[in-house]
Each structure stands twice: as C-alpha cells, then as structure tokens.
>>> print(open('protein_14.pdb').read())   # PDB, C-alpha atoms, pLDDT in the B column
ATOM      1  CA  MET G  30      47.563 -16.867 -15.091  1.00 52.00           C
ATOM      2  CA  SER G  31      48.111 -13.442 -13.617  1.00 62.00           C
ATOM      3  CA  ASP G  32      47.253 -12.520 -10.050  1.00 74.00           C
ATOM      4  CA  GLU G  33      46.537  -8.936 -11.069  1.00 77.00           C
ATOM      5  CA  ILE G  34      43.121  -7.387 -11.280  1.00 76.00           C
ATOM      6  CA  TYR G  35      42.962  -4.260 -13.362  1.00 78.00           C
ATOM      7  CA  VAL G  36      40.273  -1.637 -12.919  1.00 83.00           C
ATOM      8  CA  PRO G  37      40.742   1.732 -14.621  1.00 87.00           C
ATOM      9  CA  ILE G  38      41.264   4.405 -11.980  1.00 90.00           C
ATOM     10  CA  VAL G  39      38.702   6.615 -13.731  1.00 91.00           C
ATOM     11  CA  LYS G  40      36.021   3.991 -13.073  1.00 91.00           C
ATOM     12  CA  ILE G  41      36.955   3.809  -9.398  1.00 92.00           C
ATOM     13  CA  TYR G  42      36.664   7.572  -8.953  1.00 92.00           C
ATOM     14  CA  THR G  43      33.516   7.803 -11.076  1.00 91.00           C
ATOM     15  CA  ALA G  44      31.815   5.165  -8.941  1.00 92.00           C
ATOM     16  CA  ALA G  45      32.961   6.839  -5.706  1.00 93.00           C
ATOM     17  CA  ARG G  46      32.096  10.392  -6.715  1.00 92.00           C
ATOM     18  CA  GLN G  47      28.979   9.894  -8.816  1.00 92.00           C
ATOM     19  CA  GLY G  48      27.606   6.360  -9.128  1.00 93.00           C
ATOM     20  CA  ILE G  49      27.326   5.426  -5.468  1.00 95.00           C
ATOM     21  CA  PRO G  50      26.227   8.913  -4.279  1.00 95.00           C
ATOM     22  CA  ASP G  51      23.510   8.939  -6.961  1.00 94.00           C
ATOM     23  CA  GLN G  52      22.204   5.602  -5.698  1.00 95.00           C
ATOM     24  CA  ALA G  53      22.267   6.866  -2.115  1.00 96.00           C
ATOM     25  CA  GLU G  54      20.339   9.974  -3.158  1.00 95.00           C
ATOM     26  CA  ASP G  55      17.694   7.850  -4.911  1.00 95.00           C
ATOM     27  CA  LEU G  56      17.329   5.782  -1.754  1.00 95.00           C
ATOM     28  CA  ALA G  57      17.052   8.942   0.380  1.00 94.00           C
ATOM     29  CA  LEU G  58      14.195  10.214  -1.806  1.00 94.00           C
ATOM     30  CA  ILE G  59      12.358   6.931  -1.300  1.00 94.00           C
ATOM     31  CA  GLY G  60      12.999   7.151   2.452  1.00 93.00           C
ATOM     32  CA  GLY G  61      11.629  10.682   2.597  1.00 91.00           C
ATOM     33  CA  ARG G  62       8.506   9.715   0.686  1.00 92.00           C
ATOM     34  CA  LEU G  63       7.992   6.675   2.926  1.00 91.00           C
ATOM     35  CA  ALA G  64       8.327   8.847   6.051  1.00 88.00           C
ATOM     36  CA  SER G  65       5.616  11.170   4.721  1.00 86.00           C
ATOM     37  CA  ILE G  66       3.304   8.246   3.980  1.00 88.00           C
ATOM     38  CA  VAL G  67       3.941   6.737   7.421  1.00 87.00           C
ATOM     39  CA  ASP G  68       3.081  10.025   9.141  1.00 84.00           C
ATOM     40  CA  THR G  69      -0.230  10.218   7.311  1.00 85.00           C
ATOM     41  CA  LEU G  70      -1.045   6.545   7.851  1.00 86.00           C
ATOM     42  CA  ASP G  71      -0.169   6.806  11.551  1.00 84.00           C
ATOM     43  CA  VAL G  72      -2.651   9.640  12.078  1.00 82.00           C
ATOM     44  CA  GLN G  73      -5.349   7.848  10.089  1.00 84.00           C
ATOM     45  CA  ALA G  74      -4.779   4.642  12.066  1.00 83.00           C
ATOM     46  CA  ALA G  75      -5.185   6.543  15.336  1.00 82.00           C
ATOM     47  CA  LYS G  76      -8.393   8.176  14.105  1.00 81.00           C
ATOM     48  CA  ALA G  77      -9.753   4.809  12.919  1.00 81.00           C
ATOM     49  CA  GLY G  78      -9.275   3.127  16.287  1.00 82.00           C
ATOM     50  CA  GLU G  79      -5.927   1.434  15.658  1.00 82.00           C
ATOM     51  CA  PRO G  80      -7.048  -1.426  13.389  1.00 85.00           C
ATOM     52  CA  ALA G  81      -4.625  -4.342  13.471  1.00 86.00           C
ATOM     53  CA  ALA G  82      -4.072  -4.243   9.704  1.00 87.00           C
ATOM     54  CA  LEU G  83      -2.909  -0.612   9.849  1.00 86.00           C
ATOM     55  CA  ARG G  84      -0.719  -1.288  12.893  1.00 86.00           C
ATOM     56  CA  ASP G  85       0.921  -4.175  10.980  1.00 89.00           C
ATOM     57  CA  ALA G  86       1.411  -1.968   7.915  1.00 89.00           C
ATOM     58  CA  LEU G  87       3.073   0.668  10.097  1.00 89.00           C
ATOM     59  CA  THR G  88       5.365  -1.942  11.654  1.00 89.00           C
ATOM     60  CA  ILE G  89       6.475  -3.092   8.209  1.00 91.00           C
ATOM     61  CA  ALA G  90       6.910   0.498   6.992  1.00 90.00           C
ATOM     62  CA  ALA G  91       9.041   1.363  10.034  1.00 89.00           C
ATOM     63  CA  ARG G  92      11.307  -1.624   9.390  1.00 91.00           C
ATOM     64  CA  VAL G  93      11.630  -0.778   5.695  1.00 93.00           C
ATOM     65  CA  HIS G  94      12.450   2.838   6.595  1.00 92.00           C
ATOM     66  CA  ASP G  95      15.151   1.659   9.030  1.00 92.00           C
ATOM     67  CA  GLY G  96      16.596  -0.532   6.263  1.00 94.00           C
ATOM     68  CA  ILE G  97      16.651   2.428   3.885  1.00 95.00           C
ATOM     69  CA  ARG G  98      18.475   4.528   6.489  1.00 94.00           C
ATOM     70  CA  ARG G  99      21.073   1.770   6.993  1.00 95.00           C
ATOM     71  CA  GLY G 100      21.419   1.411   3.225  1.00 96.00           C
ATOM     72  CA  ILE G 101      22.150   5.113   2.756  1.00 95.00           C
ATOM     73  CA  THR G 102      24.748   5.027   5.523  1.00 95.00           C
ATOM     74  CA  THR G 103      26.365   1.975   3.948  1.00 96.00           C
ATOM     75  CA  LEU G 104      26.452   3.607   0.507  1.00 96.00           C
ATOM     76  CA  ASN G 105      28.013   6.756   2.000  1.00 96.00           C
ATOM     77  CA  HIS G 106      30.709   4.638   3.654  1.00 96.00           C
ATOM     78  CA  ALA G 107      31.282   2.636   0.468  1.00 96.00           C
ATOM     79  CA  ALA G 108      31.780   5.809  -1.582  1.00 95.00           C
ATOM     80  CA  VAL G 109      34.357   7.152   0.875  1.00 95.00           C
ATOM     81  CA  ALA G 110      36.121   3.784   1.053  1.00 95.00           C
ATOM     82  CA  LEU G 111      36.292   3.567  -2.732  1.00 95.00           C
ATOM     83  CA  GLU G 112      37.610   7.125  -2.928  1.00 93.00           C
ATOM     84  CA  LEU G 113      40.339   6.285  -0.398  1.00 94.00           C
ATOM     85  CA  THR G 114      41.160   3.127  -2.352  1.00 94.00           C
ATOM     86  CA  GLY G 115      41.535   5.200  -5.527  1.00 93.00           C
ATOM     87  CA  ASP G 116      43.754   7.683  -3.683  1.00 93.00           C
ATOM     88  CA  ASP G 117      45.923   4.813  -2.480  1.00 94.00           C
ATOM     89  CA  TYR G 118      46.253   3.385  -6.011  1.00 92.00           C
ATOM     90  CA  VAL G 119      47.203   6.790  -7.409  1.00 92.00           C
ATOM     91  CA  ALA G 120      49.791   7.222  -4.652  1.00 94.00           C
ATOM     92  CA  THR G 121      51.332   3.754  -5.009  1.00 93.00           C
ATOM     93  CA  ASP G 122      50.777   2.579  -8.575  1.00 90.00           C
ATOM     94  CA  THR G 123      52.481   4.219 -11.549  1.00 91.00           C
ATOM     95  CA  GLN G 124      49.857   3.128 -14.076  1.00 91.00           C
ATOM     96  CA  ALA G 125      47.014   4.439 -11.894  1.00 90.00           C
ATOM     97  CA  ARG G 126      48.855   7.744 -11.336  1.00 92.00           C
ATOM     98  CA  ASP G 127      49.454   8.179 -15.085  1.00 92.00           C
ATOM     99  CA  GLU G 128      45.787   7.460 -15.875  1.00 91.00           C
ATOM    100  CA  PHE G 129      44.661   9.873 -13.168  1.00 90.00           C
ATOM    101  CA  ASP G 130      46.994  12.613 -14.444  1.00 90.00           C
ATOM    102  CA  GLN G 131      45.631  12.174 -17.993  1.00 90.00           C
ATOM    103  CA  TRP G 132      42.008  12.189 -16.840  1.00 89.00           C
ATOM    104  CA  GLY G 133      40.293  15.375 -17.931  1.00 85.00           C
ATOM    105  CA  GLY G 134      36.791  14.608 -16.651  1.00 79.00           C
ATOM    106  CA  ALA G 135      34.625  16.955 -14.629  1.00 80.00           C
ATOM    107  CA  LEU G 136      34.690  14.546 -11.690  1.00 83.00           C
ATOM    108  CA  LYS G 137      38.474  14.713 -11.309  1.00 81.00           C
ATOM    109  CA  ASN G 138      38.400  17.434  -8.646  1.00 84.00           C
ATOM    110  CA  VAL G 139      35.026  16.653  -7.084  1.00 85.00           C
ATOM    111  CA  GLU G 140      34.869  15.489  -3.486  1.00 84.00           C
ATOM    112  CA  VAL G 141      32.700  12.561  -2.488  1.00 84.00           C
ATOM    113  CA  THR G 142      29.331  13.859  -1.360  1.00 85.00           C
ATOM    114  CA  ARG G 143      27.542  12.184   1.490  1.00 91.00           C
ATOM    115  CA  THR G 144      23.805  11.837   1.189  1.00 92.00           C
ATOM    116  CA  ALA G 145      21.803  13.049   4.172  1.00 90.00           C
ATOM    117  CA  VAL G 146      20.258  10.127   5.993  1.00 91.00           C
ATOM    118  CA  PRO G 147      16.512  10.661   6.610  1.00 87.00           C
ATOM    119  CA  GLY G 148      15.525  11.100  10.242  1.00 84.00           C
ATOM    120  CA  ASP G 149      14.281   8.273  12.375  1.00 82.00           C
ATOM    121  CA  ILE G 150      10.493   7.903  12.210  1.00 80.00           C
ATOM    122  CA  GLY G 151      10.369   6.373  15.676  1.00 76.00           C
ATOM    123  CA  SER G 152       7.837   3.662  16.411  1.00 75.00           C
ATOM    124  CA  PRO G 153       4.726   4.467  14.392  1.00 72.00           C
ATOM    125  CA  GLU G 154       3.278   1.073  15.269  1.00 68.00           C
ATOM    126  CA  ALA G 155       2.627   2.313  18.834  1.00 68.00           C
ATOM    127  CA  PRO G 156      -0.957   3.437  19.533  1.00 68.00           C
ATOM    128  CA  GLY G 157      -1.773   7.059  18.809  1.00 69.00           C
ATOM    129  CA  ALA G 158       0.172   9.380  16.574  1.00 66.00           C
ATOM    130  CA  VAL G 159       2.287  12.486  16.809  1.00 62.00           C
ATOM    131  CA  THR G 160       1.932  14.971  13.997  1.00 62.00           C
ATOM    132  CA  ASP G 161       3.475  18.384  13.387  1.00 59.00           C
ATOM    133  CA  VAL G 162       1.220  21.387  13.009  1.00 54.00           C
ATOM    134  CA  THR G 163       2.812  24.446  11.433  1.00 55.00           C
ATOM    135  CA  ILE G 164       1.989  27.516  13.517  1.00 55.00           C
ATOM    136  CA  GLY G 165       4.142  30.032  11.680  1.00 58.00           C
ATOM    137  CA  PHE G 166       7.179  30.383   9.489  1.00 64.00           C
ATOM    138  CA  GLY G 167       9.518  27.588  10.582  1.00 62.00           C
ATOM    139  CA  LEU G 168       7.538  26.959  13.773  1.00 63.00           C
ATOM    140  CA  HIS G 169       6.105  23.528  14.380  1.00 53.00           C
ATOM    141  CA  TYR G 170       3.998  22.340  17.265  1.00 54.00           C
ATOM    142  CA  PRO G 171       3.830  18.580  17.793  1.00 58.00           C
ATOM    143  CA  THR G 172       0.283  17.379  18.382  1.00 60.00           C
ATOM    144  CA  TYR G 173      -0.632  13.993  19.802  1.00 58.00           C
ATOM    145  CA  VAL G 174      -3.559  12.296  18.103  1.00 61.00           C
ATOM    146  CA  THR G 175      -5.333  10.151  20.690  1.00 60.00           C
ATOM    147  CA  PRO G 176      -6.421   6.749  19.435  1.00 61.00           C
ATOM    148  CA  SER G 177     -10.119   6.623  18.680  1.00 58.00           C
ATOM    149  CA  ASP G 178     -12.370   4.451  20.799  1.00 56.00           C
ATOM    150  CA  TYR G 179     -14.284   3.451  17.691  1.00 54.00           C
ATOM    151  CA  ASP G 180     -15.534  -0.060  18.230  1.00 57.00           C
ATOM    152  CA  PRO G 181     -17.985  -1.094  15.528  1.00 59.00           C
ATOM    153  CA  THR G 182     -20.706  -3.562  16.355  1.00 66.00           C
ATOM    154  CA  SER G 183     -20.803  -6.597  14.153  1.00 68.00           C
ATOM    155  CA  PRO G 184     -23.871  -6.898  11.880  1.00 68.00           C
ATOM    156  CA  SER G 185     -25.000 -10.093  13.621  1.00 74.00           C
ATOM    157  CA  GLU G 186     -25.050  -8.329  17.013  1.00 74.00           C
ATOM    158  CA  ASP G 187     -27.160  -5.344  15.999  1.00 70.00           C
ATOM    159  CA  LYS G 188     -29.573  -7.127  13.635  1.00 72.00           C
ATOM    160  CA  GLY G 189     -32.461  -6.783  16.079  1.00 71.00           C
ATOM    161  CA  ASP G 190     -31.932  -3.019  16.426  1.00 68.00           C
ATOM    162  CA  ARG G 191     -31.841  -2.597  12.653  1.00 62.00           C
ATOM    163  CA  ASP G 192     -35.009  -4.673  12.171  1.00 65.00           C
ATOM    164  CA  GLU G 193     -36.849  -2.632  14.811  1.00 63.00           C
ATOM    165  CA  THR G 194     -35.774   0.661  13.255  1.00 56.00           C
ATOM    166  CA  ALA G 195     -36.723  -0.557   9.781  1.00 52.00           C
ATOM    167  CA  SER G 196     -40.270  -1.486  10.899  1.00 55.00           C
ATOM    168  CA  ASP G 197     -40.769   1.945  12.504  1.00 53.00           C
ATOM    169  CA  ASP G 198     -39.934   3.689   9.219  1.00 50.00           C
ATOM    170  CA  SER G 199     -42.117   1.623   6.929  1.00 51.00           C
ATOM    171  CA  ASP G 200     -45.734   1.722   5.807  1.00 51.00           C
ATOM    172  CA  ASP G 201     -48.228  -1.123   5.419  1.00 54.00           C
ATOM    173  CA  LEU G 202     -46.467  -2.517   2.361  1.00 54.00           C
ATOM    174  CA  GLY G 203     -43.061  -2.684   4.043  1.00 53.00           C
ATOM    175  CA  LEU G 204     -41.813   0.273   2.035  1.00 54.00           C
ATOM    176  CA  PRO G 205     -40.037   3.283   3.546  1.00 58.00           C
ATOM    177  CA  HIS G 206     -42.309   6.110   4.675  1.00 56.00           C
ATOM    178  CA  ASP G 207     -43.518   8.289   1.791  1.00 58.00           C
ATOM    179  CA  PRO G 208     -43.318  11.970   2.844  1.00 55.00           C
ATOM    180  CA  THR G 209     -46.021  12.920   0.308  1.00 58.00           C
ATOM    181  CA  ASP G 210     -48.545  11.026   2.473  1.00 59.00           C
ATOM    182  CA  ASP G 211     -48.518  14.030   4.805  1.00 56.00           C
ATOM    183  CA  TYR G 212     -50.064  16.327   2.137  1.00 50.00           C
TER
END
>>> encode(input="protein_14.pdb", output="structure tokens")
Amino acid sequence: MSDEIYVPIVKIYTAARQGIPDQAEDLALIGGRLASIVDTLDVQAAKAGEPAALRDALTIAARVHDGIRRGITTLNHAAVALELTGDDYVATDTQARDEFDQWGGALKNVEVTRTAVPGDIGSPEAPGAVTDVTIGFGLHYPTYVTPSDYDPTSPSEDKGDRDETASDDSDDLGLPHDPTDDY
C-alpha cells in the first residue's frame, strides 16, 4: 500500500480560485439579505412594543449572521491556504509542476479573491432600533426608533368596558344603532 495521496494540481487551484470563493460569495449574499431583514424586523419590533417573540427571533438572527460572517472568513482563509499549498506542490513536486505548466485553463493566472465579509449587525435583540435614513446622495442619518409603550389589555380584563359600550350602541332588540331611524 502506498503512502501517497494524489490530487491533480488543477483541482487544487480550481478549488482555491473558484470553488471556495464562489461558496463564500453565496454565503455573503445570504448574510447581506439577513442583515436587511434584521434591520426591518428590529424597527418593527420596536414599534410593536418589543414583543418577546420578536426579540427572540432577533437574537437567533444575530447569532446566525455572526456564524455566516465567521464562515465567510473561514472560507477566505481556506482558499488562500489551498492556493499556498498548490504553490508549494508546484515548487517542490515535479509531477505537479509539469501538470501546472501544461494547464491551459482560464484560472491559471487568476489570484484568489477574498469575499467581503458583511458588516456586524450589532445587537438587534436590545430594545429599540437604529435605522438609517438617507438624506441625500451618499448621506445617511442614523435614527433611533424608541420602543413603543404599547401594552394591550387582555380580553378578560376589558370585558366590562366592551359590554358597556356595546349596550350604549344598541337598540331595543340588541342590534347596533340603525342610522336610518333618525330620518
């Protein structure tokens, strides 16, 4: 049994220069979309009075976004590491150098591209929200959305008020007031 592992040098460079960067770019698109959704949800949660379900959803979204950011960074590092590994094989292994010299692919002279890591979305699970308002070309003004003090009354607590209001608006038969009675 041989102790050698053979991987064509073309596959190493293709993975480093195209495969891994493509995956990182896909992940970055998802991260950007998630950041947009989180911004919108954060503002809506603040306006709705910070319901626990929305706060929990924002906590989960923030953690997923952080994982996406770490994933993109890891993929960027993996692509560079694989590129350097390929360079080392070409420099030290005759078979790898010959394969590389015979390679006529478009990726032969391409540098590894690093995918931009989406910005940190902060802590959207905190009460309130900060949103950007565009005030001109390239000018943004951050606006703080104060959490609402909306505190709905449960139906069992305001039943008496509803019953009283309903009896004021009804006629002898218990039906709502008929405006044609006034004519």
>>> atom_distance(input="protein_14.pdb", atom1="CA of Thr69 in chain G", atom2="CA of Ala145 in chain G")
22.4 Å
>>> residues_around(input="protein_14.pdb", residues="Val109 in chain G", least_positions_apart="6", cutoff="9 Å", atoms="only C-alpha atoms", output="ChimeraX atom specification")
/G:45-46,141-143
>>> residues_around(input="protein_14.pdb", residues="range 30-40 of chain G", least_positions_apart="4", cutoff="9 Å", atoms="all atoms listed in the file", output="NGL selection string")
:G and (44-45 or 115 or 118-119 or 124-126 or 128-129 or 132 or 134 or 137)
>>> atom_distance(input="protein_14.pdb", atom1="CA of His94 in chain G", atom2="CA of Ala75 in chain G")
20.0 Å
>>> atom_distance(input="protein_14.pdb", atom1="CA of Leu104 in chain G", atom2="CA of Arg92 in chain G")
18.3 Å
>>> closest_residue(input="protein_14.pdb", among="G:Leu113, G:Val146, G:Ile97, G:Ala108", to="Leu63 in chain G", atoms="only C-alpha atoms")
G:Ile97
>>> resolve_selection(input="protein_14.pdb", expression="the PyMOL selection byres ((chain G and resi 67) around 12)", output="ChimeraX atom specification")
/G:60-66,68-74,83-94,149-154,158-160
>>> build_atoms(input="protein_14.pdb", residues="range 133-145 of chain G", atoms="N, CA and C atoms", output="short mmCIF file (atom, residue, chain, number, x, y, z; two decimals), in the coordinates of the input")
data_model
loop_
_atom_site.label_atom_id
_atom_site.label_comp_id
_atom_site.auth_asym_id
_atom_site.auth_seq_id
_atom_site.Cartn_x
_atom_site.Cartn_y
_atom_site.Cartn_z
N GLY G 133 40.73 13.99 -17.80
CA GLY G 133 40.29 15.38 -17.93
C GLY G 133 38.82 15.54 -17.61
N GLY G 134 38.23 14.56 -16.94
CA GLY G 134 36.79 14.61 -16.65
C GLY G 134 36.42 15.61 -15.58
N ALA G 135 35.14 15.98 -15.59
CA ALA G 135 34.62 16.95 -14.63
C ALA G 135 34.66 16.43 -13.20
N LEU G 136 34.70 15.13 -13.03
CA LEU G 136 34.69 14.55 -11.69
C LEU G 136 36.08 14.49 -11.06
N LYS G 137 37.11 14.86 -11.81
CA LYS G 137 38.47 14.71 -11.31
C LYS G 137 38.69 15.45 -10.00
N ASN G 138 38.15 16.64 -9.85
CA ASN G 138 38.40 17.43 -8.65
C ASN G 138 37.18 17.54 -7.73
N VAL G 139 36.24 16.64 -7.91
CA VAL G 139 35.03 16.65 -7.08
C VAL G 139 35.26 15.78 -5.85
N GLU G 140 34.80 16.28 -4.72
CA GLU G 140 34.87 15.49 -3.49
C GLU G 140 33.66 14.55 -3.42
N VAL G 141 33.81 13.47 -2.70
CA VAL G 141 32.70 12.56 -2.49
C VAL G 141 31.65 13.29 -1.66
N THR G 142 30.41 13.23 -2.13
CA THR G 142 29.33 13.86 -1.36
C THR G 142 28.60 12.79 -0.57
N ARG G 143 28.31 13.11 0.66
CA ARG G 143 27.54 12.18 1.49
C ARG G 143 26.07 12.58 1.42
N THR G 144 25.24 11.61 1.25
CA THR G 144 23.80 11.84 1.19
C THR G 144 23.27 11.93 2.62
N ALA G 145 22.42 12.91 2.85
CA ALA G 145 21.80 13.05 4.17
C ALA G 145 20.89 11.86 4.44
#
